[in-house]
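Structure file input.pdb (PDB, C-alpha atoms, pLDDT in the B column) is printed below.
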```
ATOM      1  CA  MET A   1     -15.613  59.071   1.743  1.00 47.00           C
ATOM      2  CA  THR A   2     -12.591  60.555   3.523  1.00 47.00           C
ATOM      3  CA  GLN A   3     -13.979  59.367   6.818  1.00 55.00           C
ATOM      4  CA  ILE A   4     -14.338  55.789   5.616  1.00 57.00           C
ATOM      5  CA  SER A   5     -10.820  55.811   4.222  1.00 66.00           C
ATOM      6  CA  SER A   6      -9.372  57.175   7.477  1.00 70.00           C
ATOM      7  CA  ARG A   7     -11.332  54.497   9.387  1.00 70.00           C
ATOM      8  CA  ASP A   8      -9.837  51.823   7.173  1.00 88.00           C
ATOM      9  CA  GLU A   9      -6.346  53.161   7.763  1.00 92.00           C
ATOM     10  CA  ARG A  10      -6.860  53.080  11.513  1.00 93.00           C
ATOM     11  CA  LEU A  11      -8.225  49.544  11.387  1.00 94.00           C
ATOM     12  CA  ALA A  12      -5.409  48.482   9.032  1.00 95.00           C
ATOM     13  CA  ALA A  13      -2.854  49.873  11.510  1.00 97.00           C
ATOM     14  CA  PHE A  14      -4.422  47.895  14.391  1.00 97.00           C
ATOM     15  CA  ARG A  15      -4.394  44.782  12.237  1.00 96.00           C
ATOM     16  CA  ALA A  16      -0.747  45.254  11.276  1.00 97.00           C
ATOM     17  CA  THR A  17       0.092  45.370  15.003  1.00 98.00           C
ATOM     18  CA  ILE A  18      -1.926  42.207  15.670  1.00 97.00           C
ATOM     19  CA  ASP A  19      -0.263  40.431  12.726  1.00 98.00           C
ATOM     20  CA  ASN A  20       3.209  41.333  13.988  1.00 98.00           C
ATOM     21  CA  LEU A  21       2.375  40.195  17.520  1.00 98.00           C
ATOM     22  CA  ASP A  22       0.939  36.932  16.162  1.00 97.00           C
ATOM     23  CA  ALA A  23       4.074  36.272  14.115  1.00 98.00           C
ATOM     24  CA  ALA A  24       6.179  36.864  17.248  1.00 98.00           C
ATOM     25  CA  LEU A  25       3.870  34.511  19.165  1.00 97.00           C
ATOM     26  CA  ILE A  26       4.274  31.752  16.567  1.00 98.00           C
ATOM     27  CA  HIS A  27       8.074  32.034  16.597  1.00 98.00           C
ATOM     28  CA  ILE A  28       8.264  32.046  20.390  1.00 98.00           C
ATOM     29  CA  LEU A  29       6.004  28.993  20.526  1.00 97.00           C
ATOM     30  CA  ALA A  30       8.153  27.273  17.873  1.00 97.00           C
ATOM     31  CA  GLU A  31      11.274  27.935  19.949  1.00 98.00           C
ATOM     32  CA  ARG A  32       9.500  26.793  23.134  1.00 97.00           C
ATOM     33  CA  PHE A  33       8.554  23.470  21.510  1.00 95.00           C
ATOM     34  CA  ARG A  34      12.112  23.064  20.184  1.00 96.00           C
ATOM     35  CA  THR A  35      13.297  23.503  23.768  1.00 97.00           C
ATOM     36  CA  THR A  36      10.767  21.181  25.411  1.00 95.00           C
ATOM     37  CA  LYS A  37      11.567  18.563  22.732  1.00 94.00           C
ATOM     38  CA  ALA A  38      15.243  18.799  23.721  1.00 95.00           C
ATOM     39  CA  VAL A  39      14.255  18.588  27.415  1.00 93.00           C
ATOM     40  CA  GLY A  40      12.182  15.474  26.706  1.00 91.00           C
ATOM     41  CA  ALA A  41      15.093  13.789  24.905  1.00 91.00           C
ATOM     42  CA  TYR A  42      17.505  14.838  27.650  1.00 92.00           C
ATOM     43  CA  LYS A  43      15.252  13.525  30.435  1.00 89.00           C
ATOM     44  CA  ALA A  44      14.704  10.209  28.603  1.00 88.00           C
ATOM     45  CA  ALA A  45      18.462   9.783  28.043  1.00 90.00           C
ATOM     46  CA  ASN A  46      19.249  10.516  31.694  1.00 90.00           C
ATOM     47  CA  ASP A  47      16.396   8.581  33.339  1.00 88.00           C
ATOM     48  CA  LEU A  48      14.870  11.730  34.748  1.00 88.00           C
ATOM     49  CA  PRO A  49      11.114  11.714  35.467  1.00 86.00           C
ATOM     50  CA  PRO A  50       9.122  13.325  32.591  1.00 82.00           C
ATOM     51  CA  ALA A  51       6.922  15.441  34.881  1.00 83.00           C
ATOM     52  CA  ASP A  52       7.942  17.702  37.774  1.00 86.00           C
ATOM     53  CA  PRO A  53       4.864  18.953  39.662  1.00 89.00           C
ATOM     54  CA  ASN A  54       6.904  21.393  41.787  1.00 93.00           C
ATOM     55  CA  ARG A  55       8.415  22.999  38.707  1.00 92.00           C
ATOM     56  CA  GLU A  56       4.977  23.253  37.074  1.00 91.00           C
ATOM     57  CA  LYS A  57       3.514  24.865  40.199  1.00 93.00           C
ATOM     58  CA  GLN A  58       6.331  27.455  40.199  1.00 95.00           C
ATOM     59  CA  GLN A  59       5.776  28.155  36.484  1.00 95.00           C
ATOM     60  CA  VAL A  60       2.066  28.792  36.998  1.00 95.00           C
ATOM     61  CA  GLU A  61       2.687  31.107  39.972  1.00 97.00           C
ATOM     62  CA  ARG A  62       5.374  33.045  38.106  1.00 97.00           C
ATOM     63  CA  LEU A  63       3.284  33.468  34.964  1.00 97.00           C
ATOM     64  CA  ARG A  64       0.218  34.583  36.921  1.00 98.00           C
ATOM     65  CA  LYS A  65       2.359  37.257  38.573  1.00 98.00           C
ATOM     66  CA  LEU A  66       3.881  38.361  35.246  1.00 98.00           C
ATOM     67  CA  ALA A  67       0.382  38.491  33.725  1.00 98.00           C
ATOM     68  CA  LEU A  68      -0.937  40.649  36.589  1.00 98.00           C
ATOM     69  CA  ASP A  69       1.987  43.071  36.183  1.00 97.00           C
ATOM     70  CA  ALA A  70       1.314  43.261  32.410  1.00 97.00           C
ATOM     71  CA  ASP A  71      -2.451  43.779  32.919  1.00 96.00           C
ATOM     72  CA  LEU A  72      -3.310  40.399  31.374  1.00 96.00           C
ATOM     73  CA  ASP A  73      -5.999  38.237  33.024  1.00 95.00           C
ATOM     74  CA  PRO A  74      -3.946  35.774  35.158  1.00 97.00           C
ATOM     75  CA  ASP A  75      -6.612  33.070  34.719  1.00 96.00           C
ATOM     76  CA  PHE A  76      -6.186  33.364  30.957  1.00 95.00           C
ATOM     77  CA  ALA A  77      -2.385  33.167  31.338  1.00 95.00           C
ATOM     78  CA  GLU A  78      -2.771  29.987  33.399  1.00 96.00           C
ATOM     79  CA  LYS A  79      -5.248  28.511  30.891  1.00 95.00           C
ATOM     80  CA  ILE A  80      -2.946  29.155  27.955  1.00 94.00           C
ATOM     81  CA  LEU A  81       0.054  27.702  29.828  1.00 93.00           C
ATOM     82  CA  ASN A  82      -1.985  24.568  30.560  1.00 93.00           C
ATOM     83  CA  PHE A  83      -3.031  24.427  26.906  1.00 93.00           C
ATOM     84  CA  ILE A  84       0.645  24.545  25.842  1.00 93.00           C
ATOM     85  CA  ILE A  85       1.753  22.016  28.496  1.00 90.00           C
ATOM     86  CA  THR A  86      -0.980  19.597  27.344  1.00 89.00           C
ATOM     87  CA  GLU A  87       0.457  19.846  23.822  1.00 89.00           C
ATOM     88  CA  VAL A  88       4.006  19.279  25.141  1.00 87.00           C
ATOM     89  CA  ILE A  89       2.833  16.118  26.960  1.00 84.00           C
ATOM     90  CA  ARG A  90       1.105  14.926  23.761  1.00 83.00           C
ATOM     91  CA  HIS A  91       4.388  15.432  21.867  1.00 79.00           C
ATOM     92  CA  HIS A  92       6.321  13.504  24.516  1.00 74.00           C
ATOM     93  CA  GLU A  93       3.812  10.647  24.339  1.00 77.00           C
ATOM     94  CA  GLN A  94       4.015  10.573  20.536  1.00 77.00           C
ATOM     95  CA  ALA A  95       7.836  10.545  20.762  1.00 70.00           C
ATOM     96  CA  ARG A  96       7.770   7.567  23.151  1.00 68.00           C
ATOM     97  CA  SER A  97       5.348   5.490  21.032  1.00 69.00           C
TER
ATOM     98  CA  MET B   1      27.928  13.471  42.129  1.00 47.00           C
ATOM     99  CA  THR B   2      29.579  15.555  39.398  1.00 47.00           C
ATOM    100  CA  GLN B   3      27.313  13.923  36.831  1.00 55.00           C
ATOM    101  CA  ILE B   4      24.157  14.796  38.758  1.00 57.00           C
ATOM    102  CA  SER B   5      25.352  18.360  39.236  1.00 66.00           C
ATOM    103  CA  SER B   6      26.138  18.730  35.513  1.00 70.00           C
ATOM    104  CA  ARG B   7      22.716  17.240  34.696  1.00 70.00           C
ATOM    105  CA  ASP B   8      21.070  19.785  36.972  1.00 88.00           C
ATOM    106  CA  GLU B   9      22.939  22.598  35.262  1.00 92.00           C
ATOM    107  CA  ARG B  10      21.821  21.408  31.840  1.00 93.00           C
ATOM    108  CA  LEU B  11      18.201  21.115  32.989  1.00 94.00           C
ATOM    109  CA  ALA B  12      18.413  24.504  34.730  1.00 95.00           C
ATOM    110  CA  ALA B  13      19.665  26.049  31.463  1.00 97.00           C
ATOM    111  CA  PHE B  14      16.727  24.553  29.518  1.00 97.00           C
ATOM    112  CA  ARG B  15      14.336  25.831  32.147  1.00 96.00           C
ATOM    113  CA  ALA B  16      15.830  29.336  32.065  1.00 97.00           C
ATOM    114  CA  THR B  17      15.185  29.372  28.297  1.00 98.00           C
ATOM    115  CA  ILE B  18      11.584  28.204  28.780  1.00 97.00           C
ATOM    116  CA  ASP B  19      11.017  30.810  31.514  1.00 97.00           C
ATOM    117  CA  ASN B  20      12.326  33.590  29.246  1.00 98.00           C
ATOM    118  CA  LEU B  21      10.172  32.433  26.332  1.00 98.00           C
ATOM    119  CA  ASP B  22       7.114  32.238  28.613  1.00 97.00           C
ATOM    120  CA  ALA B  23       7.701  35.763  29.904  1.00 98.00           C
ATOM    121  CA  ALA B  24       7.933  36.968  26.284  1.00 98.00           C
ATOM    122  CA  LEU B  25       4.730  35.067  25.506  1.00 97.00           C
ATOM    123  CA  ILE B  26       2.844  36.701  28.389  1.00 98.00           C
ATOM    124  CA  HIS B  27       3.960  40.183  27.367  1.00 98.00           C
ATOM    125  CA  ILE B  28       3.071  39.631  23.706  1.00 98.00           C
ATOM    126  CA  LEU B  29      -0.353  38.314  24.738  1.00 97.00           C
ATOM    127  CA  ALA B  30      -0.835  41.320  27.057  1.00 97.00           C
ATOM    128  CA  GLU B  31      -0.024  43.676  24.165  1.00 98.00           C
ATOM    129  CA  ARG B  32      -2.289  41.696  21.812  1.00 97.00           C
ATOM    130  CA  PHE B  33      -5.229  42.031  24.234  1.00 95.00           C
ATOM    131  CA  ARG B  34      -4.493  45.734  24.689  1.00 96.00           C
ATOM    132  CA  THR B  35      -4.719  46.063  20.897  1.00 97.00           C
ATOM    133  CA  THR B  36      -7.883  43.990  20.420  1.00 95.00           C
ATOM    134  CA  LYS B  37      -9.500  45.955  23.263  1.00 94.00           C
ATOM    135  CA  ALA B  38      -8.726  49.168  21.367  1.00 95.00           C
ATOM    136  CA  VAL B  39     -10.052  47.581  18.156  1.00 93.00           C
ATOM    137  CA  GLY B  40     -13.281  46.613  19.946  1.00 91.00           C
ATOM    138  CA  ALA B  41     -13.767  50.169  21.251  1.00 91.00           C
ATOM    139  CA  TYR B  42     -12.930  51.614  17.841  1.00 92.00           C
ATOM    140  CA  LYS B  43     -15.369  49.313  16.019  1.00 89.00           C
ATOM    141  CA  ALA B  44     -18.143  50.050  18.536  1.00 88.00           C
ATOM    142  CA  ALA B  45     -17.590  53.816  18.215  1.00 90.00           C
ATOM    143  CA  ASN B  46     -17.645  53.666  14.399  1.00 90.00           C
ATOM    144  CA  ASP B  47     -20.501  51.191  13.941  1.00 88.00           C
ATOM    145  CA  LEU B  48     -18.227  48.608  12.369  1.00 88.00           C
ATOM    146  CA  PRO B  49     -19.250  44.941  12.644  1.00 86.00           C
ATOM    147  CA  PRO B  50     -17.438  43.194  15.558  1.00 82.00           C
ATOM    148  CA  ALA B  51     -16.502  40.079  13.533  1.00 83.00           C
ATOM    149  CA  ASP B  52     -14.890  39.882  10.090  1.00 87.00           C
ATOM    150  CA  PRO B  53     -14.852  36.273   8.817  1.00 90.00           C
ATOM    151  CA  ASN B  54     -12.628  37.119   5.808  1.00 93.00           C
ATOM    152  CA  ARG B  55     -10.008  38.690   8.040  1.00 92.00           C
ATOM    153  CA  GLU B  56     -10.124  35.697  10.406  1.00 91.00           C
ATOM    154  CA  LYS B  57      -9.684  33.282   7.497  1.00 93.00           C
ATOM    155  CA  GLN B  58      -6.638  35.235   6.292  1.00 95.00           C
ATOM    156  CA  GLN B  59      -5.175  35.259   9.813  1.00 95.00           C
ATOM    157  CA  VAL B  60      -5.511  31.482  10.136  1.00 95.00           C
ATOM    158  CA  GLU B  61      -3.927  30.862   6.718  1.00 97.00           C
ATOM    159  CA  ARG B  62      -1.044  33.219   7.424  1.00 97.00           C
ATOM    160  CA  LEU B  63      -0.326  31.756  10.862  1.00 97.00           C
ATOM    161  CA  ARG B  64      -0.429  28.187   9.544  1.00 98.00           C
ATOM    162  CA  LYS B  65       2.169  29.155   6.926  1.00 98.00           C
ATOM    163  CA  LEU B  66       4.365  30.936   9.486  1.00 98.00           C
ATOM    164  CA  ALA B  67       4.097  27.900  11.773  1.00 98.00           C
ATOM    165  CA  LEU B  68       5.123  25.509   8.970  1.00 98.00           C
ATOM    166  CA  ASP B  69       8.166  27.684   8.163  1.00 97.00           C
ATOM    167  CA  ALA B  70       9.129  27.733  11.858  1.00 97.00           C
ATOM    168  CA  ASP B  71       8.664  23.947  12.223  1.00 96.00           C
ATOM    169  CA  LEU B  72       5.669  24.354  14.555  1.00 96.00           C
ATOM    170  CA  ASP B  73       2.623  22.090  14.073  1.00 95.00           C
ATOM    171  CA  PRO B  74       0.206  24.275  12.013  1.00 97.00           C
ATOM    172  CA  ASP B  75      -2.811  22.574  13.608  1.00 96.00           C
ATOM    173  CA  PHE B  76      -1.498  23.627  17.017  1.00 95.00           C
ATOM    174  CA  ALA B  77      -0.933  27.189  15.749  1.00 95.00           C
ATOM    175  CA  GLU B  78      -4.536  27.290  14.521  1.00 96.00           C
ATOM    176  CA  LYS B  79      -5.852  25.828  17.789  1.00 95.00           C
ATOM    177  CA  ILE B  80      -4.015  28.407  19.899  1.00 94.00           C
ATOM    178  CA  LEU B  81      -5.186  31.270  17.651  1.00 93.00           C
ATOM    179  CA  ASN B  82      -8.775  30.058  18.059  1.00 93.00           C
ATOM    180  CA  PHE B  83      -8.218  29.808  21.813  1.00 93.00           C
ATOM    181  CA  ILE B  84      -7.033  33.438  21.882  1.00 93.00           C
ATOM    182  CA  ILE B  85      -9.838  34.664  19.574  1.00 90.00           C
ATOM    183  CA  THR B  86     -12.428  32.959  21.818  1.00 89.00           C
ATOM    184  CA  GLU B  87     -10.994  34.927  24.755  1.00 89.00           C
ATOM    185  CA  VAL B  88     -11.076  38.162  22.727  1.00 87.00           C
ATOM    186  CA  ILE B  89     -14.772  37.580  21.906  1.00 84.00           C
ATOM    187  CA  ARG B  90     -15.478  36.859  25.587  1.00 83.00           C
ATOM    188  CA  HIS B  91     -13.803  40.197  26.487  1.00 79.00           C
ATOM    189  CA  HIS B  92     -15.859  42.043  23.870  1.00 74.00           C
ATOM    190  CA  GLU B  93     -19.066  40.478  25.207  1.00 77.00           C
ATOM    191  CA  GLN B  94     -18.118  41.421  28.796  1.00 76.00           C
ATOM    192  CA  ALA B  95     -17.361  44.984  27.616  1.00 70.00           C
ATOM    193  CA  ARG B  96     -20.779  45.241  25.957  1.00 68.00           C
ATOM    194  CA  SER B  97     -22.742  43.956  28.961  1.00 69.00           C
TER
END
```
Target encoding structure tokens, full file:
Amino acid sequence: MTQISSRDERLAAFRATIDNLDAALIHILAERFRTTKAVGAYKAANDLPPADPNREKQQVERLRKLALDADLDPDFAEKILNFIITEVIRHHEQARS
Amino acid sequence: MTQISSRDERLAAFRATIDNLDAALIHILAERFRTTKAVGAYKAANDLPPADPNREKQQVERLRKLALDADLDPDFAEKILNFIITEVIRHHEQARS
């Protein structure tokens, strides 16, 4: 009985950590989309090209390096960045239409 | 000339914000995977089932609500959580084999 309860406490503690990290993740993503929305509006207003392949290449390289240093799979870091960028492009397209 | 330079500064400022948010994102994800790795080891050692559908349902509902409050598309929040959970499951399967 005691063992089960102590197990639950341990699991509950892990889950509290995950929940806090997920809340941080959501708020960082919200702020990132606020920023890319502002960038999209700024680029449209100033006739700047919407995409910048050199910038994107630098972002991927930087994030892969950061991921390696933080012991996160760099392929996963690149995949999640691409996932986010795809969503940013979808937002930009929706904003234009 | 001045206009272009001021444009570049504005864009550079946006990009510095995005780079900082992305670095935060990578480190939060690294910590999240460290935690889920510990959870996986803990569950395996204590004969706890690897998946918990009720917990996952609660996580999705909570994150959708947090996303709404932060003005982030809740569907996107759910998609990215599923993307991360898929990676966690892949890690657990690799760890088992």
Practice problem: Show me which bits of chain B are within 9 Å of chain A, counting all atoms listed in the file, as a PyMOL selection string. | Solution: chain B and resi 7+10-11+14-15+17-19+21-36+38-39+42-43+46+59+62-63+66-67+70-73+76-77+80-81+83-84+87
Self-check item: Proximity to B:Pro53 - best of B:Lys37, B:His92, B:Asp8, B:Ile85, only C-alpha atoms
Solution: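 Among the listed residues, the smallest separation from B:Pro53 belongs to B:Ile85.
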Return chain B as an mmCIF file with C-alpha atoms, keeping the file's coordinate frame, after superposing it on chain A by a least-squares fit that covers all C-alpha atoms paired in order.
```cif
data_model
loop_
_atom_site.group_PDB
_atom_site.id
_atom_site.type_symbol
_atom_site.label_atom_id
_atom_site.label_comp_id
_atom_site.auth_asym_id
_atom_site.auth_seq_id
_atom_site.Cartn_x
_atom_site.Cartn_y
_atom_site.Cartn_z
ATOM 1 C CA MET B 1 -15.572 59.009 1.757
ATOM 2 C CA THR B 2 -12.563 60.531 3.534
ATOM 3 C CA GLN B 3 -13.958 59.331 6.851
ATOM 4 C CA ILE B 4 -14.308 55.746 5.642
ATOM 5 C CA SER B 5 -10.804 55.816 4.202
ATOM 6 C CA SER B 6 -9.353 57.177 7.467
ATOM 7 C CA ARG B 7 -11.305 54.511 9.385
ATOM 8 C CA ASP B 8 -9.834 51.830 7.145
ATOM 9 C CA GLU B 9 -6.344 53.162 7.758
ATOM 10 C CA ARG B 10 -6.857 53.091 11.514
ATOM 11 C CA LEU B 11 -8.215 49.535 11.385
ATOM 12 C CA ALA B 12 -5.407 48.481 9.026
ATOM 13 C CA ALA B 13 -2.859 49.875 11.514
ATOM 14 C CA PHE B 14 -4.429 47.885 14.383
ATOM 15 C CA ARG B 15 -4.405 44.776 12.239
ATOM 16 C CA ALA B 16 -0.751 45.253 11.267
ATOM 17 C CA THR B 17 0.082 45.363 14.996
ATOM 18 C CA ILE B 18 -1.930 42.190 15.663
ATOM 19 C CA ASP B 19 -0.279 40.421 12.708
ATOM 20 C CA ASN B 20 3.196 41.342 13.996
ATOM 21 C CA LEU B 21 2.360 40.187 17.523
ATOM 22 C CA ASP B 22 0.936 36.915 16.160
ATOM 23 C CA ALA B 23 4.067 36.265 14.108
ATOM 24 C CA ALA B 24 6.158 36.858 17.252
ATOM 25 C CA LEU B 25 3.856 34.502 19.158
ATOM 26 C CA ILE B 26 4.264 31.724 16.578
ATOM 27 C CA HIS B 27 8.048 32.032 16.597
ATOM 28 C CA ILE B 28 8.246 32.050 20.399
ATOM 29 C CA LEU B 29 5.995 28.978 20.530
ATOM 30 C CA ALA B 30 8.146 27.262 17.870
ATOM 31 C CA GLU B 31 11.268 27.948 19.956
ATOM 32 C CA ARG B 32 9.491 26.803 23.137
ATOM 33 C CA PHE B 33 8.557 23.471 21.509
ATOM 34 C CA ARG B 34 12.097 23.076 20.178
ATOM 35 C CA THR B 35 13.305 23.507 23.769
ATOM 36 C CA THR B 36 10.775 21.176 25.413
ATOM 37 C CA LYS B 37 11.563 18.569 22.740
ATOM 38 C CA ALA B 38 15.237 18.797 23.725
ATOM 39 C CA VAL B 39 14.251 18.596 27.410
ATOM 40 C CA GLY B 40 12.182 15.467 26.705
ATOM 41 C CA ALA B 41 15.104 13.794 24.902
ATOM 42 C CA TYR B 42 17.502 14.852 27.649
ATOM 43 C CA LYS B 43 15.251 13.526 30.432
ATOM 44 C CA ALA B 44 14.709 10.224 28.594
ATOM 45 C CA ALA B 45 18.463 9.789 28.034
ATOM 46 C CA ASN B 46 19.262 10.515 31.697
ATOM 47 C CA ASP B 47 16.415 8.580 33.323
ATOM 48 C CA LEU B 48 14.871 11.727 34.745
ATOM 49 C CA PRO B 49 11.119 11.701 35.448
ATOM 50 C CA PRO B 50 9.141 13.320 32.567
ATOM 51 C CA ALA B 51 6.914 15.437 34.856
ATOM 52 C CA ASP B 52 7.942 17.676 37.758
ATOM 53 C CA PRO B 53 4.864 18.934 39.653
ATOM 54 C CA ASN B 54 6.901 21.385 41.789
ATOM 55 C CA ARG B 55 8.401 22.999 38.713
ATOM 56 C CA GLU B 56 4.962 23.242 37.075
ATOM 57 C CA LYS B 57 3.507 24.873 40.192
ATOM 58 C CA GLN B 58 6.318 27.450 40.197
ATOM 59 C CA GLN B 59 5.782 28.142 36.486
ATOM 60 C CA VAL B 60 2.066 28.785 36.992
ATOM 61 C CA GLU B 61 2.682 31.107 39.959
ATOM 62 C CA ARG B 62 5.361 33.052 38.114
ATOM 63 C CA LEU B 63 3.280 33.460 34.955
ATOM 64 C CA ARG B 64 0.221 34.584 36.920
ATOM 65 C CA LYS B 65 2.357 37.278 38.568
ATOM 66 C CA LEU B 66 3.880 38.372 35.247
ATOM 67 C CA ALA B 67 0.387 38.499 33.730
ATOM 68 C CA LEU B 68 -0.944 40.655 36.595
ATOM 69 C CA ASP B 69 1.977 43.093 36.180
ATOM 70 C CA ALA B 70 1.312 43.273 32.424
ATOM 71 C CA ASP B 71 -2.452 43.789 32.925
ATOM 72 C CA LEU B 72 -3.307 40.403 31.382
ATOM 73 C CA ASP B 73 -5.991 38.236 33.037
ATOM 74 C CA PRO B 74 -3.946 35.764 35.174
ATOM 75 C CA ASP B 75 -6.610 33.070 34.743
ATOM 76 C CA PHE B 76 -6.180 33.365 30.977
ATOM 77 C CA ALA B 77 -2.380 33.179 31.351
ATOM 78 C CA GLU B 78 -2.769 29.991 33.397
ATOM 79 C CA LYS B 79 -5.252 28.514 30.908
ATOM 80 C CA ILE B 80 -2.944 29.140 27.949
ATOM 81 C CA LEU B 81 0.061 27.696 29.822
ATOM 82 C CA ASN B 82 -1.972 24.560 30.565
ATOM 83 C CA PHE B 83 -3.022 24.428 26.912
ATOM 84 C CA ILE B 84 0.644 24.550 25.850
ATOM 85 C CA ILE B 85 1.761 22.019 28.504
ATOM 86 C CA THR B 86 -0.975 19.604 27.351
ATOM 87 C CA GLU B 87 0.462 19.856 23.826
ATOM 88 C CA VAL B 88 4.001 19.295 25.147
ATOM 89 C CA ILE B 89 2.847 16.126 26.961
ATOM 90 C CA ARG B 90 1.093 14.943 23.784
ATOM 91 C CA HIS B 91 4.384 15.446 21.868
ATOM 92 C CA HIS B 92 6.327 13.513 24.508
ATOM 93 C CA GLU B 93 3.814 10.654 24.343
ATOM 94 C CA GLN B 94 4.015 10.599 20.519
ATOM 95 C CA ALA B 95 7.836 10.577 20.761
ATOM 96 C CA ARG B 96 7.743 7.605 23.140
ATOM 97 C CA SER B 97 5.350 5.520 21.028
#
```
Self-check item: d(atom CA of A:Glu78, atom CA of B:Lys65) in Å
Solution: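 Atom CA of B:Lys65 lies 26.9 Å from atom CA of A:Glu78.
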Practice problem: For atom CA of A:Gln58 and atom CA of A:Asn82, determine how far apart the two atoms are, in Å to one decimal place. | Solution: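 The value is 13.1 Å.
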Quiz item: From the list B:Ala12, B:Lys57, B:Gly40, B:Asp75, which residue is nearest B:Arg90 when using all atoms listed in the file?
Solution: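 Of B:Ala12, B:Lys57, B:Gly40, B:Asp75, the one nearest B:Arg90, counting all atoms listed in the file, is B:Gly40.
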Quiz item: atom CA of A:Val88 and atom CA of A:Pro50 are how many Å apart?
Solution: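 A separation of 10.8 Å between them.
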Hey, could you pull the box centre and edge lengths for stretch 76-84 of chain A, axis-aligned, 8 Å padding per side, all listed atoms, to one decimal in Å, as lines of an AutoDock Vina configuration file?
```
center_x = -2.8
center_y = 28.9
center_z = 29.6
size_x = 22.8
size_y = 24.9
size_z = 23.6
```
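Candidate residues A:Ser6, A:Val60, A:Asp47, A:Ala41 were compared for distance to A:His91, and the nearest is A:Ala41, using all atoms listed in the file.
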Reconstruct N, CA and C atoms of stretch 34-48 of chain B; output as a compact mmCIF listing (two decimals), keeping the file's coordinate frame.
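What ended up in rebuild.txt:
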```txt
# COMPACT_ATOMS: atom_id res chain seq x y z
N ARG B 34 -4.37 44.27 24.67
CA ARG B 34 -4.49 45.73 24.69
C ARG B 34 -4.97 46.23 23.33
N THR B 35 -4.39 45.64 22.26
CA THR B 35 -4.72 46.06 20.90
C THR B 35 -6.15 45.67 20.52
N THR B 36 -6.53 44.41 20.81
CA THR B 36 -7.88 43.99 20.42
C THR B 36 -8.94 44.74 21.24
N LYS B 37 -8.58 45.14 22.46
CA LYS B 37 -9.50 45.96 23.26
C LYS B 37 -9.72 47.30 22.57
N ALA B 38 -8.63 47.89 22.09
CA ALA B 38 -8.73 49.17 21.37
C ALA B 38 -9.52 48.99 20.07
N VAL B 39 -9.30 47.86 19.38
CA VAL B 39 -10.05 47.58 18.16
C VAL B 39 -11.55 47.47 18.46
N GLY B 40 -11.88 46.78 19.55
CA GLY B 40 -13.28 46.61 19.95
C GLY B 40 -13.93 47.96 20.20
N ALA B 41 -13.23 48.84 20.94
CA ALA B 41 -13.77 50.17 21.25
C ALA B 41 -13.92 50.99 19.97
N TYR B 42 -12.92 50.88 19.11
CA TYR B 42 -12.93 51.61 17.84
C TYR B 42 -14.08 51.17 16.94
N LYS B 43 -14.28 49.84 16.85
CA LYS B 43 -15.37 49.31 16.02
C LYS B 43 -16.73 49.74 16.58
N ALA B 44 -16.88 49.67 17.91
CA ALA B 44 -18.14 50.05 18.54
C ALA B 44 -18.44 51.53 18.27
N ALA B 45 -17.41 52.37 18.39
CA ALA B 45 -17.59 53.82 18.22
C ALA B 45 -17.90 54.19 16.77
N ASN B 46 -17.47 53.34 15.82
CA ASN B 46 -17.64 53.67 14.40
C ASN B 46 -18.66 52.77 13.69
N ASP B 47 -19.47 52.07 14.50
CA ASP B 47 -20.50 51.19 13.94
C ASP B 47 -19.95 50.18 12.94
N LEU B 48 -18.79 49.67 13.22
CA LEU B 48 -18.23 48.61 12.37
C LEU B 48 -18.63 47.25 12.96
```
